[in-house]
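Student: Sharing a structure, written as structure tokens. Questions coming.
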Amino acid sequence: MFSLAQRLNLIKPSPTLAMTAKAIALREQGKDIVSLSAGEPDYDTPQWIKDTAIQAIQEGQTKYTAVSGTISLKQAIIKKFHRDNQLTYENNQIVVSTGGKQVIFNALMATIDAGDEVIIPAPYWVSYPDIVSLFEGRPVFINCPIENHFKLQPEQLQEKITSKTKWLILNSPSNPTGCVYTKDELIAIAEVLREHPHVHILSDDIYEYLIYDDASFSNILNVAPDLKERTLLVNGVSKAYSMTGWRIGYGAGSKNIIQAMVDLQSQSTSNTSSISQAAAVAAINGSHDFLKEWLESFAQRRDFVIKELAEVKELQVIKPAGAFYLYIGCKEVIGKITASGKIIKTDNDLCNYFLEEYDLATVSGDAFGLSPYFRISYATNIEALEKACDRIKNAIGALK
């Protein structure tokens, strides 16, 4: 048996992927599992993007590329930032990686020393704290409950910043809550950050295009361009173009951190798939007209689930303005007893109860750092959502 590195004790497998795998295993056993645990659109990648990839294969674009990405993809990303975000970058300020997760991983590996602190508003995407811990940093959590619409308040940030703070991570629209920071809210956060020039900002914008109703997307640099030299923007093609399996993420930041990330990547994965890069050029440069139909569908699904779950008095649900998740409060369920005599002590118990007794896969709030809640993804068909809502109602209705 191999002797494993002690650092592995600092991390755990992704809870969202673990729940998805458990649901798949049960489905393979013949159970009618409805899974609302996966964070990906149910739509296929648009055909014209797939056609571009096929053409790239036929043209022989199957060799190594530059570690940081092809010139054509980096130019597409630069044009995207200028077009959509009114931000200017150069080629040596862009890195393309194997998904947004690798961008974040490389950035934190390149900058964190033992004892450095990273402020992470909770609820958070599940991988942030584990990546910080892997490099001997210290995640510093700030609870952002439903009463604050799951958003970081400037006074909370001010209180948590110390001389050891290296990063603040902001994610808007958010996974797992779907919350979207307004310009005014970002301005207030930027005012705090100006007082602490040693703090860097990691802005995870992967759900940028998934915005509903009258909401609009802004990141920290749209309201505070003076913070550009200490801000890393993280984005990718996974969510907006339904290209999760293509594994293309990208980062934009100051030249020194981008070069450090490229150096690290050169010793790990090297470049990401040349074919995926060609497809990403088409996606980023192409029309977004298809998104209108997707967004209308997602909004209808969101509204349907909220309406259905509003009938369950034990649950708290607010209407998110982005992404495709609902982060549902369940404090009134904690302490109740199942028909088989089990006590629901935690949100993790509740999610296990949903899966084991009602064939419904969700993810507990514990995975995202704020309990008692559970997350569902409404990026699935309406029939599955109808089943899911019925099962949630029946499951909670059966509790004593």
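Here's how to read the names in the structure tokens: chain A, B, ... by the order shown, residue numbers from 1 in each chain, ligand numbers from 1 in the order shown.
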Quick one: everything within 8 Å of Gly100 (chain A), counting only C-alpha atoms, minus sequence neighbours fewer than 4 positions away in the same chain. Send it as a list of chain:residue names.
Tutor: A:Ile104, A:Ile206, A:Val234, A:Asn235, A:Gly236, A:Ile248, A:Gly249, A:Tyr250, A:Gly251
Student: Apply DSSP to the backbone of this structure and, from region 109-279 of chain A, keep only the residues in strand (DSSP E or B); write these as JSON, numbers by chain.
Tutor: {"A": [117, 118, 119, 120, 121, 122, 138, 139, 140, 141, 142, 143, 165, 166, 167, 168, 169, 170, 171, 200, 201, 202, 203, 204, 211, 231, 232, 233, 234, 235, 236, 249, 250, 251, 252]}
Student: Taking only C-alpha atoms into account, name the residue in A:Ala107, A:Ile334, A:Ala279, A:Val95 that is nearest to Ser238 (chain A).
Tutor: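 Of A:Ala107, A:Ile334, A:Ala279, A:Val95, the one nearest Ser238 (chain A), counting only C-alpha atoms, is A:Ala279.
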Student: Taking into account only C-alpha atoms, which residue in the set A:Leu157, A:Arg138, A:Ile376, A:Lys292 is nearest to Ile306 (chain A)?
Tutor: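 Nearest candidate to Ile306 (chain A) out of A:Leu157, A:Arg138, A:Ile376, A:Lys292: A:Ile376.
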Student: With only C-alpha atoms as the basis for distance, which of A:Leu152, A:Ile94, A:Leu10, A:Leu186 is at the shortest distance from Ile131 (chain A)?
Tutor: A:Leu10
Student: Could you list, as a PyMOL selection string, every residue within 12 Å of Gln61 (chain A), counting only C-alpha atoms and ignoring same-chain residues fewer than 6 positions away?
Tutor: chain A and resi 52-55+70+273-279
Student: With only C-alpha atoms as the counted atoms, please give the residues lying no more than 7 Å from region 117-127 of chain A, apart from itself and same-chain residues fewer than 2 positions off, as JSON, numbers by chain.
Tutor: {"A": [14, 115, 129, 130, 131, 137, 138, 139, 140, 141, 142, 143, 144, 152, 164, 165, 166, 167, 168, 169, 175, 176, 367, 368, 369, 370]}
Student: I need the residues from that last selection saved to file as an mmCIF file, in the first residue's frame (with C-alpha atoms), if you can.
Tutor:
data_model
loop_
_atom_site.group_PDB
_atom_site.id
_atom_site.type_symbol
_atom_site.label_atom_id
_atom_site.label_comp_id
_atom_site.auth_asym_id
_atom_site.auth_seq_id
_atom_site.Cartn_x
_atom_site.Cartn_y
_atom_site.Cartn_z
ATOM 1 C CA SER A 14 -16.176 17.347 -3.984
ATOM 2 C CA GLY A 115 -0.612 30.917 7.147
ATOM 3 C CA PRO A 129 -11.638 26.271 0.874
ATOM 4 C CA ASP A 130 -10.078 22.939 -0.047
ATOM 5 C CA ILE A 131 -7.765 24.550 -2.593
ATOM 6 C CA GLY A 137 -3.483 28.777 3.623
ATOM 7 C CA ARG A 138 -6.294 29.471 6.064
ATOM 8 C CA PRO A 139 -9.840 29.896 4.770
ATOM 9 C CA VAL A 140 -11.619 32.676 6.676
ATOM 10 C CA PHE A 141 -15.367 32.287 6.334
ATOM 11 C CA ILE A 142 -17.997 35.010 6.574
ATOM 12 C CA ASN A 143 -21.570 33.771 6.970
ATOM 13 C CA CYS A 144 -23.985 35.477 4.576
ATOM 14 C CA LEU A 152 -21.242 39.802 1.810
ATOM 15 C CA LYS A 164 -2.313 38.034 6.811
ATOM 16 C CA THR A 165 -5.218 38.389 4.395
ATOM 17 C CA LYS A 166 -4.017 37.544 0.873
ATOM 18 C CA TRP A 167 -7.273 37.162 -1.092
ATOM 19 C CA LEU A 168 -10.990 37.897 -1.069
ATOM 20 C CA ILE A 169 -13.031 35.552 -3.279
ATOM 21 C CA ASN A 175 -23.001 29.013 -6.898
ATOM 22 C CA PRO A 176 -24.849 27.855 -4.766
ATOM 23 C CA ALA A 367 -21.096 21.224 1.577
ATOM 24 C CA PHE A 368 -21.258 24.958 0.876
ATOM 25 C CA GLY A 369 -20.388 26.130 4.369
ATOM 26 C CA LEU A 370 -23.750 27.441 5.545
#
Student: Distance CA of Arg375 (chain A)-CA of Phe135 (chain A), one decimal place?
Tutor: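 Spanning CA of Arg375 (chain A) to CA of Phe135 (chain A) is a straight-line distance of 27.9 Å.
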Student: Near region 280-283 of chain A, within 6 Å and counting only C-alpha atoms, which residues show up once chain neighbours fewer than 3 positions away are dropped, as a ChimeraX atom specification?
Tutor: /A:49,73,277,286
Student: Create the file for the chosen residues now, containing all heavy atoms and written as a PDB file, in the first residue's frame.
Tutor:
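Dumped everything to part-v4.pdb:
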ATOM      1  N   ILE A  49     -20.930  25.247 -32.602  1.00  0.00           N
ATOM      2  CA  ILE A  49     -19.689  25.128 -31.830  1.00  0.00           C
ATOM      3  C   ILE A  49     -19.104  23.733 -32.025  1.00  0.00           C
ATOM      4  O   ILE A  49     -17.890  23.570 -32.229  1.00  0.00           O
ATOM      5  CB  ILE A  49     -19.953  25.427 -30.343  1.00  0.00           C
ATOM      6  CG1 ILE A  49     -20.436  26.875 -30.168  1.00  0.00           C
ATOM      7  CG2 ILE A  49     -18.688  25.168 -29.514  1.00  0.00           C
ATOM      8  CD1 ILE A  49     -20.821  27.225 -28.738  1.00  0.00           C
ATOM      9  N   LEU A  73      -7.531  32.132 -29.412  1.00  0.00           N
ATOM     10  CA  LEU A  73      -8.432  32.085 -28.257  1.00  0.00           C
ATOM     11  C   LEU A  73      -8.163  33.253 -27.317  1.00  0.00           C
ATOM     12  O   LEU A  73      -9.104  33.883 -26.818  1.00  0.00           O
ATOM     13  CB  LEU A  73      -8.297  30.750 -27.518  1.00  0.00           C
ATOM     14  CG  LEU A  73      -9.182  30.583 -26.277  1.00  0.00           C
ATOM     15  CD1 LEU A  73     -10.641  30.930 -26.570  1.00  0.00           C
ATOM     16  CD2 LEU A  73      -9.067  29.164 -25.720  1.00  0.00           C
ATOM     17  N   GLN A 277     -10.070  24.353 -27.457  1.00  0.00           N
ATOM     18  CA  GLN A 277      -9.734  25.763 -27.642  1.00  0.00           C
ATOM     19  C   GLN A 277     -10.333  26.314 -28.936  1.00  0.00           C
ATOM     20  O   GLN A 277     -10.865  27.431 -28.963  1.00  0.00           O
ATOM     21  CB  GLN A 277      -8.222  25.950 -27.633  1.00  0.00           C
ATOM     22  CG  GLN A 277      -7.574  25.738 -26.275  1.00  0.00           C
ATOM     23  CD  GLN A 277      -6.122  26.157 -26.261  1.00  0.00           C
ATOM     24  OE1 GLN A 277      -5.806  27.334 -26.388  1.00  0.00           O
ATOM     25  NE2 GLN A 277      -5.220  25.194 -26.093  1.00  0.00           N
ATOM     26  N   GLY A 286     -18.923  34.063 -31.340  1.00  0.00           N
ATOM     27  CA  GLY A 286     -20.188  33.870 -32.031  1.00  0.00           C
ATOM     28  C   GLY A 286     -21.370  34.580 -31.396  1.00  0.00           C
ATOM     29  O   GLY A 286     -21.253  35.248 -30.365  1.00  0.00           O
TER      30      GLY A 286
END
Student: Would you mind listing what lies within 9 Å of Glu40 (chain A) as a list in words, with only C-alpha atoms counted and same-chain residues fewer than 4 positions away left out?
Tutor: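 Close residues of Glu40 (chain A): Ser238, Lys239, Ser242, Met243, Thr244, Phe324, Ser377, Ala379 and Thr380 of chain A.
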Student: For the residues in the current selection, export C-alpha atoms as a PDB file, in the first residue's frame.
Tutor:
ATOM      1  CA  SER A 238     -18.784  25.798 -19.310  1.00  0.00           C
ATOM      2  CA  LYS A 239     -22.043  27.328 -18.127  1.00  0.00           C
ATOM      3  CA  SER A 242     -23.199  24.254 -21.980  1.00  0.00           C
ATOM      4  CA  MET A 243     -19.603  23.154 -22.567  1.00  0.00           C
ATOM      5  CA  THR A 244     -18.849  21.661 -19.158  1.00  0.00           C
ATOM      6  CA  PHE A 324     -29.521  28.049 -12.025  1.00  0.00           C
ATOM      7  CA  SER A 377     -30.249  22.892  -9.591  1.00  0.00           C
ATOM      8  CA  ALA A 379     -31.149  23.237 -14.991  1.00  0.00           C
ATOM      9  CA  THR A 380     -33.205  20.214 -15.931  1.00  0.00           C
TER      10      THR A 380
END
Student: From the list A:Asn148, A:Ser35, A:Asn271, A:Asn348, which residue is nearest Arg391 (chain A) when using only C-alpha atoms?
Tutor: A:Ser35
Student: Would you kindly return, as a VMD selection string, each protein, DNA or RNA residue with an atom no farther than 8 Å from any atom of Ile33 (chain A), considering only C-alpha atoms and excluding same-chain residues fewer than 3 positions away?
Tutor: chain A and resid 23 26 to 27 355 359 to 361
Student: Among region 5-87 of chain A, which ones does DSSP place in helix (DSSP H, G or I), written as a compact mmCIF listing (two decimals) with all heavy atoms, in the first residue's frame?
Tutor:
# COMPACT_ATOMS: atom_id res chain seq x y z
N GLN A 6 0.67 13.73 3.64
CA GLN A 6 -0.15 14.27 4.71
C GLN A 6 -1.09 15.37 4.23
O GLN A 6 -2.15 15.58 4.80
CB GLN A 6 0.76 14.81 5.83
CG GLN A 6 1.50 13.73 6.61
CD GLN A 6 0.54 12.80 7.34
OE1 GLN A 6 -0.36 13.26 8.05
NE2 GLN A 6 0.73 11.50 7.15
N ARG A 7 -0.70 16.08 3.16
CA ARG A 7 -1.53 17.18 2.69
C ARG A 7 -2.91 16.72 2.24
O ARG A 7 -3.86 17.50 2.21
CB ARG A 7 -0.83 17.94 1.56
CG ARG A 7 -0.76 17.22 0.24
CD ARG A 7 -0.15 18.09 -0.86
NE ARG A 7 1.23 18.36 -0.58
CZ ARG A 7 2.26 17.59 -1.01
NH1 ARG A 7 2.00 16.50 -1.71
NH2 ARG A 7 3.49 17.90 -0.73
N LEU A 8 -3.04 15.43 1.89
CA LEU A 8 -4.35 14.94 1.48
C LEU A 8 -5.36 14.96 2.61
O LEU A 8 -6.57 14.92 2.38
CB LEU A 8 -4.23 13.52 0.90
CG LEU A 8 -3.55 13.41 -0.46
CD1 LEU A 8 -3.50 11.98 -0.93
CD2 LEU A 8 -4.25 14.28 -1.49
N ASN A 9 -4.86 15.01 3.84
CA ASN A 9 -5.77 15.12 4.99
C ASN A 9 -6.45 16.49 5.04
O ASN A 9 -7.41 16.67 5.80
CB ASN A 9 -5.00 14.88 6.30
CG ASN A 9 -4.49 13.46 6.40
OD1 ASN A 9 -5.13 12.52 5.93
ND2 ASN A 9 -3.32 13.29 7.01
N LEU A 10 -5.94 17.44 4.25
CA LEU A 10 -6.46 18.81 4.29
C LEU A 10 -7.65 18.99 3.36
O LEU A 10 -8.32 20.02 3.41
CB LEU A 10 -5.36 19.80 3.90
CG LEU A 10 -4.10 19.80 4.78
CD1 LEU A 10 -3.03 20.71 4.18
CD2 LEU A 10 -4.45 20.26 6.20
N PRO A 15 -18.25 17.40 -2.65
CA PRO A 15 -19.55 16.87 -2.22
C PRO A 15 -20.58 16.84 -3.34
O PRO A 15 -21.43 15.95 -3.39
CB PRO A 15 -19.98 17.83 -1.10
CG PRO A 15 -18.72 18.49 -0.64
CD PRO A 15 -17.86 18.58 -1.86
N THR A 16 -20.53 17.81 -4.24
CA THR A 16 -21.51 17.84 -5.33
C THR A 16 -21.27 16.67 -6.29
O THR A 16 -22.21 16.01 -6.72
CB THR A 16 -21.44 19.17 -6.10
OG1 THR A 16 -20.09 19.42 -6.50
CG2 THR A 16 -21.93 20.31 -5.23
N LEU A 17 -20.01 16.42 -6.61
CA LEU A 17 -19.70 15.30 -7.49
C LEU A 17 -20.00 13.97 -6.80
O LEU A 17 -20.42 13.01 -7.45
CB LEU A 17 -18.24 15.36 -7.94
CG LEU A 17 -17.86 16.57 -8.81
CD1 LEU A 17 -16.38 16.50 -9.20
CD2 LEU A 17 -18.74 16.65 -10.05
N ALA A 18 -19.78 13.92 -5.49
CA ALA A 18 -20.05 12.70 -4.73
C ALA A 18 -21.54 12.37 -4.75
O ALA A 18 -21.94 11.21 -4.95
CB ALA A 18 -19.55 12.83 -3.30
N MET A 19 -22.38 13.39 -4.57
CA MET A 19 -23.83 13.16 -4.59
C MET A 19 -24.30 12.77 -5.99
O MET A 19 -25.15 11.87 -6.15
CB MET A 19 -24.57 14.41 -4.11
CG MET A 19 -26.08 14.28 -4.10
SD MET A 19 -26.69 12.91 -3.06
CE MET A 19 -26.68 13.69 -1.44
N THR A 20 -23.72 13.40 -7.00
CA THR A 20 -24.07 13.04 -8.37
C THR A 20 -23.71 11.59 -8.66
O THR A 20 -24.49 10.84 -9.27
CB THR A 20 -23.36 13.97 -9.37
OG1 THR A 20 -23.78 15.32 -9.12
CG2 THR A 20 -23.70 13.61 -10.80
N ALA A 21 -22.53 11.16 -8.21
CA ALA A 21 -22.09 9.78 -8.43
C ALA A 21 -23.00 8.79 -7.71
O ALA A 21 -23.34 7.73 -8.24
CB ALA A 21 -20.65 9.62 -7.95
N LYS A 22 -23.43 9.16 -6.50
CA LYS A 22 -24.33 8.29 -5.73
C LYS A 22 -25.67 8.15 -6.44
O LYS A 22 -26.25 7.05 -6.51
CB LYS A 22 -24.52 8.86 -4.32
CG LYS A 22 -25.19 7.92 -3.34
CD LYS A 22 -25.15 8.50 -1.92
CE LYS A 22 -25.77 7.55 -0.92
NZ LYS A 22 -25.73 8.10 0.47
N ALA A 23 -26.16 9.26 -6.99
CA ALA A 23 -27.43 9.22 -7.72
C ALA A 23 -27.32 8.35 -8.97
O ALA A 23 -28.22 7.57 -9.28
CB ALA A 23 -27.85 10.64 -8.10
N ILE A 24 -26.18 8.47 -9.67
CA ILE A 24 -25.97 7.65 -10.88
C ILE A 24 -25.95 6.17 -10.51
O ILE A 24 -26.54 5.33 -11.20
CB ILE A 24 -24.67 8.07 -11.59
CG1 ILE A 24 -24.83 9.47 -12.20
CG2 ILE A 24 -24.28 7.06 -12.66
CD1 ILE A 24 -23.55 10.05 -12.74
N ALA A 25 -25.25 5.84 -9.41
CA ALA A 25 -25.16 4.44 -8.99
C ALA A 25 -26.54 3.87 -8.66
O ALA A 25 -26.87 2.73 -9.04
CB ALA A 25 -24.24 4.33 -7.77
N LEU A 26 -27.38 4.66 -7.99
CA LEU A 26 -28.73 4.20 -7.67
C LEU A 26 -29.59 4.06 -8.92
O LEU A 26 -30.40 3.13 -9.04
CB LEU A 26 -29.39 5.16 -6.68
CG LEU A 26 -28.82 5.14 -5.25
CD1 LEU A 26 -29.40 6.27 -4.43
CD2 LEU A 26 -29.13 3.80 -4.58
N ARG A 27 -29.40 4.97 -9.86
CA ARG A 27 -30.15 4.89 -11.11
C ARG A 27 -29.78 3.63 -11.88
O ARG A 27 -30.63 2.99 -12.49
CB ARG A 27 -29.88 6.14 -11.95
CG ARG A 27 -30.81 6.34 -13.12
CD ARG A 27 -30.54 7.65 -13.83
NE ARG A 27 -31.03 8.79 -13.07
CZ ARG A 27 -30.37 9.93 -12.93
NH1 ARG A 27 -29.17 10.07 -13.46
NH2 ARG A 27 -30.91 10.92 -12.24
N GLU A 28 -28.49 3.27 -11.83
CA GLU A 28 -28.04 2.06 -12.51
C GLU A 28 -28.61 0.79 -11.87
O GLU A 28 -28.67 -0.26 -12.50
CB GLU A 28 -26.51 2.01 -12.52
CG GLU A 28 -25.89 3.04 -13.46
CD GLU A 28 -24.38 3.09 -13.36
OE1 GLU A 28 -23.83 2.47 -12.41
OE2 GLU A 28 -23.74 3.73 -14.21
N GLN A 47 -24.85 23.45 -31.92
CA GLN A 47 -24.29 22.64 -33.00
C GLN A 47 -23.15 23.34 -33.73
O GLN A 47 -22.17 22.71 -34.12
CB GLN A 47 -25.41 22.28 -33.99
CG GLN A 47 -24.97 21.32 -35.09
CD GLN A 47 -24.51 19.98 -34.54
OE1 GLN A 47 -25.15 19.40 -33.67
NE2 GLN A 47 -23.36 19.49 -35.03
N TRP A 48 -23.25 24.64 -33.94
CA TRP A 48 -22.20 25.35 -34.68
C TRP A 48 -20.88 25.34 -33.94
O TRP A 48 -19.81 25.40 -34.56
CB TRP A 48 -22.65 26.76 -35.04
CG TRP A 48 -23.16 27.58 -33.89
CD1 TRP A 48 -24.43 27.61 -33.42
CD2 TRP A 48 -22.42 28.48 -33.08
NE1 TRP A 48 -24.55 28.48 -32.35
CE2 TRP A 48 -23.32 29.03 -32.13
CE3 TRP A 48 -21.09 28.89 -33.06
CZ2 TRP A 48 -22.93 29.97 -31.18
CZ3 TRP A 48 -20.70 29.83 -32.11
CH2 TRP A 48 -21.61 30.36 -31.18
N ILE A 49 -20.93 25.25 -32.60
CA ILE A 49 -19.69 25.13 -31.83
C ILE A 49 -19.10 23.73 -32.02
O ILE A 49 -17.89 23.57 -32.23
CB ILE A 49 -19.95 25.43 -30.34
CG1 ILE A 49 -20.44 26.88 -30.17
CG2 ILE A 49 -18.69 25.17 -29.51
CD1 ILE A 49 -20.82 27.23 -28.74
N LYS A 50 -19.96 22.71 -31.99
CA LYS A 50 -19.49 21.34 -32.23
C LYS A 50 -18.93 21.19 -33.64
O LYS A 50 -17.92 20.51 -33.85
CB LYS A 50 -20.63 20.34 -31.98
CG LYS A 50 -21.08 20.30 -30.52
CD LYS A 50 -22.00 19.12 -30.24
CE LYS A 50 -23.34 19.27 -30.88
NZ LYS A 50 -24.26 18.16 -30.50
N ASP A 51 -19.58 21.83 -34.61
CA ASP A 51 -19.10 21.76 -35.99
C ASP A 51 -17.69 22.37 -36.12
O ASP A 51 -16.85 21.86 -36.88
CB ASP A 51 -20.06 22.50 -36.93
CG ASP A 51 -21.38 21.77 -37.10
OD1 ASP A 51 -21.45 20.56 -36.78
OD2 ASP A 51 -22.36 22.42 -37.53
N THR A 52 -17.45 23.44 -35.37
CA THR A 52 -16.13 24.06 -35.40
C THR A 52 -15.07 23.10 -34.86
O THR A 52 -13.96 23.02 -35.39
CB THR A 52 -16.13 25.35 -34.57
OG1 THR A 52 -17.09 26.26 -35.11
CG2 THR A 52 -14.75 26.01 -34.58
N ALA A 53 -15.42 22.36 -33.81
CA ALA A 53 -14.48 21.39 -33.26
C ALA A 53 -14.18 20.28 -34.27
O ALA A 53 -13.03 19.86 -34.43
CB ALA A 53 -15.04 20.80 -31.97
N ILE A 54 -15.21 19.80 -34.95
CA ILE A 54 -15.02 18.76 -35.96
C ILE A 54 -14.12 19.27 -37.08
O ILE A 54 -13.20 18.57 -37.54
CB ILE A 54 -16.39 18.31 -36.52
CG1 ILE A 54 -17.18 17.60 -35.41
CG2 ILE A 54 -16.20 17.39 -37.72
CD1 ILE A 54 -18.63 17.36 -35.76
N GLN A 55 -14.35 20.50 -37.49
CA GLN A 55 -13.52 21.09 -38.54
C GLN A 55 -12.07 21.21 -38.08
O GLN A 55 -11.14 20.96 -38.85
CB GLN A 55 -14.07 22.47 -38.92
CG GLN A 55 -13.30 23.13 -40.06
CD GLN A 55 -13.89 24.49 -40.42
OE1 GLN A 55 -14.97 24.86 -39.97
NE2 GLN A 55 -13.17 25.24 -41.25
N ALA A 56 -11.88 21.58 -36.81
CA ALA A 56 -10.52 21.71 -36.28
C ALA A 56 -9.79 20.37 -36.32
O ALA A 56 -8.60 20.30 -36.64
CB ALA A 56 -10.56 22.25 -34.85
N ILE A 57 -10.50 19.31 -36.01
CA ILE A 57 -9.90 17.96 -36.09
C ILE A 57 -9.52 17.65 -37.54
O ILE A 57 -8.41 17.18 -37.83
CB ILE A 57 -10.87 16.91 -35.54
CG1 ILE A 57 -11.09 17.10 -34.04
CG2 ILE A 57 -10.35 15.50 -35.82
CD1 ILE A 57 -12.19 16.23 -33.46
N GLN A 58 -10.45 17.91 -38.45
CA GLN A 58 -10.20 17.60 -39.86
C GLN A 58 -9.06 18.43 -40.44
O GLN A 58 -8.35 17.97 -41.35
CB GLN A 58 -11.48 17.82 -40.66
CG GLN A 58 -12.59 16.83 -40.31
CD GLN A 58 -13.92 17.15 -40.96
OE1 GLN A 58 -14.19 18.30 -41.31
NE2 GLN A 58 -14.77 16.14 -41.11
N ILE A 71 -3.16 31.86 -29.66
CA ILE A 71 -3.31 33.30 -29.87
C ILE A 71 -4.75 33.63 -30.25
O ILE A 71 -5.32 34.63 -29.77
CB ILE A 71 -2.34 33.79 -30.97
CG1 ILE A 71 -0.89 33.70 -30.48
CG2 ILE A 71 -2.67 35.22 -31.39
CD1 ILE A 71 -0.58 34.62 -29.30
N SER A 72 -5.37 32.79 -31.09
CA SER A 72 -6.75 33.09 -31.52
C SER A 72 -7.72 33.06 -30.36
O SER A 72 -8.63 33.90 -30.28
CB SER A 72 -7.19 32.10 -32.61
OG SER A 72 -7.11 30.77 -32.15
N LEU A 73 -7.53 32.13 -29.41
CA LEU A 73 -8.43 32.09 -28.26
C LEU A 73 -8.16 33.25 -27.32
O LEU A 73 -9.10 33.88 -26.82
CB LEU A 73 -8.30 30.75 -27.52
CG LEU A 73 -9.18 30.58 -26.28
CD1 LEU A 73 -10.64 30.93 -26.57
CD2 LEU A 73 -9.07 29.16 -25.72
N LYS A 74 -6.91 33.55 -27.08
CA LYS A 74 -6.60 34.69 -26.20
C LYS A 74 -7.12 36.00 -26.78
O LYS A 74 -7.64 36.86 -26.06
CB LYS A 74 -5.10 34.74 -25.92
CG LYS A 74 -4.63 33.57 -25.05
CD LYS A 74 -3.13 33.42 -25.03
CE LYS A 74 -2.47 34.41 -24.12
NZ LYS A 74 -1.03 34.10 -23.94
N GLN A 75 -7.03 36.14 -28.11
CA GLN A 75 -7.57 37.33 -28.75
C GLN A 75 -9.10 37.39 -28.63
O GLN A 75 -9.67 38.45 -28.41
CB GLN A 75 -7.16 37.38 -30.22
CG GLN A 75 -5.72 37.81 -30.45
CD GLN A 75 -5.47 39.24 -29.99
OE1 GLN A 75 -6.19 40.16 -30.38
NE2 GLN A 75 -4.47 39.42 -29.14
N ALA A 76 -9.75 36.23 -28.74
CA ALA A 76 -11.20 36.19 -28.56
C ALA A 76 -11.59 36.60 -27.14
O ALA A 76 -12.57 37.33 -26.93
CB ALA A 76 -11.72 34.79 -28.87
N ILE A 77 -10.82 36.13 -26.16
CA ILE A 77 -11.08 36.47 -24.75
C ILE A 77 -10.88 37.97 -24.53
O ILE A 77 -11.68 38.63 -23.85
CB ILE A 77 -10.18 35.63 -23.84
CG1 ILE A 77 -10.59 34.15 -23.90
CG2 ILE A 77 -10.23 36.14 -22.40
CD1 ILE A 77 -9.56 33.20 -23.32
N ILE A 78 -9.80 38.51 -25.10
CA ILE A 78 -9.54 39.95 -24.96
C ILE A 78 -10.68 40.77 -25.56
O ILE A 78 -11.15 41.75 -24.96
CB ILE A 78 -8.19 40.29 -25.63
CG1 ILE A 78 -7.03 39.74 -24.79
CG2 ILE A 78 -8.04 41.80 -25.82
CD1 ILE A 78 -5.69 39.77 -25.48
N LYS A 79 -11.15 40.35 -26.75
CA LYS A 79 -12.28 41.05 -27.38
C LYS A 79 -13.54 40.94 -26.52
O LYS A 79 -14.33 41.88 -26.42
CB LYS A 79 -12.53 40.48 -28.77
CG LYS A 79 -11.46 40.85 -29.78
CD LYS A 79 -11.74 40.20 -31.13
CE LYS A 79 -10.63 40.49 -32.14
NZ LYS A 79 -10.85 39.80 -33.43
N LYS A 80 -13.74 39.76 -25.91
CA LYS A 80 -14.90 39.56 -25.05
C LYS A 80 -14.88 40.52 -23.87
O LYS A 80 -15.90 41.14 -23.53
CB LYS A 80 -14.95 38.11 -24.56
CG LYS A 80 -16.02 37.84 -23.48
CD LYS A 80 -15.35 37.76 -22.12
CE LYS A 80 -16.32 37.51 -21.00
NZ LYS A 80 -17.12 38.63 -20.59
N PHE A 81 -13.71 40.65 -23.22
CA PHE A 81 -13.61 41.56 -22.08
C PHE A 81 -13.89 43.00 -22.51
O PHE A 81 -14.55 43.76 -21.77
CB PHE A 81 -12.23 41.46 -21.42
CG PHE A 81 -12.09 40.31 -20.48
CD1 PHE A 81 -11.11 39.35 -20.66
CD2 PHE A 81 -12.94 40.18 -19.39
CE1 PHE A 81 -10.97 38.29 -19.78
CE2 PHE A 81 -12.82 39.12 -18.50
CZ PHE A 81 -11.82 38.16 -18.70
N HIS A 82 -13.40 43.38 -23.67
CA HIS A 82 -13.63 44.75 -24.15
C HIS A 82 -15.09 44.97 -24.52
O HIS A 82 -15.70 45.99 -24.16
CB HIS A 82 -12.73 45.03 -25.36
CG HIS A 82 -12.76 46.46 -25.80
ND1 HIS A 82 -13.59 46.91 -26.81
CD2 HIS A 82 -12.07 47.54 -25.36
CE1 HIS A 82 -13.42 48.21 -26.98
NE2 HIS A 82 -12.50 48.61 -26.11
N ARG A 83 -15.67 43.98 -25.20
CA ARG A 83 -17.06 44.07 -25.67
C ARG A 83 -18.07 44.03 -24.53
O ARG A 83 -19.00 44.84 -24.47
CB ARG A 83 -17.32 42.92 -26.64
CG ARG A 83 -18.73 42.83 -27.18
CD ARG A 83 -18.91 41.54 -27.98
NE ARG A 83 -18.90 40.35 -27.11
CZ ARG A 83 -18.19 39.26 -27.36
NH1 ARG A 83 -17.40 39.19 -28.42
NH2 ARG A 83 -18.26 38.23 -26.53
N ASP A 84 -17.90 43.08 -23.62
CA ASP A 84 -18.92 42.82 -22.61
C ASP A 84 -18.66 43.50 -21.28
O ASP A 84 -19.61 43.73 -20.51
CB ASP A 84 -19.04 41.31 -22.36
CG ASP A 84 -19.49 40.54 -23.59
OD1 ASP A 84 -20.02 41.19 -24.52
OD2 ASP A 84 -19.30 39.32 -23.63
N ASN A 85 -17.41 43.79 -20.99
CA ASN A 85 -17.05 44.30 -19.66
C ASN A 85 -16.32 45.63 -19.67
O ASN A 85 -15.98 46.15 -18.61
CB ASN A 85 -16.21 43.26 -18.91
CG ASN A 85 -16.81 41.87 -18.96
OD1 ASN A 85 -16.30 41.00 -19.66
ND2 ASN A 85 -17.91 41.64 -18.26
Student: One decimal, in Å: what's the spacing between CA of Ile201 (chain A) and CA of Pro145 (chain A)?
Tutor: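 The value is 21.8 Å.
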Student: Considering only C-alpha atoms, state which residue in the set A:Val237, A:Leu170, A:Ile161, A:Ile258 is at the smallest distance from Pro197 (chain A).
Tutor: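 Between A:Val237, A:Leu170, A:Ile161, A:Ile258, the residue approaching Pro197 (chain A) most closely is A:Ile161.
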Student: Considering only C-alpha atoms, state which residue in the set A:Val96, A:Ser163, A:Gly397, A:Thr269 is at the smallest distance from Val312 (chain A).
Tutor: A:Gly397
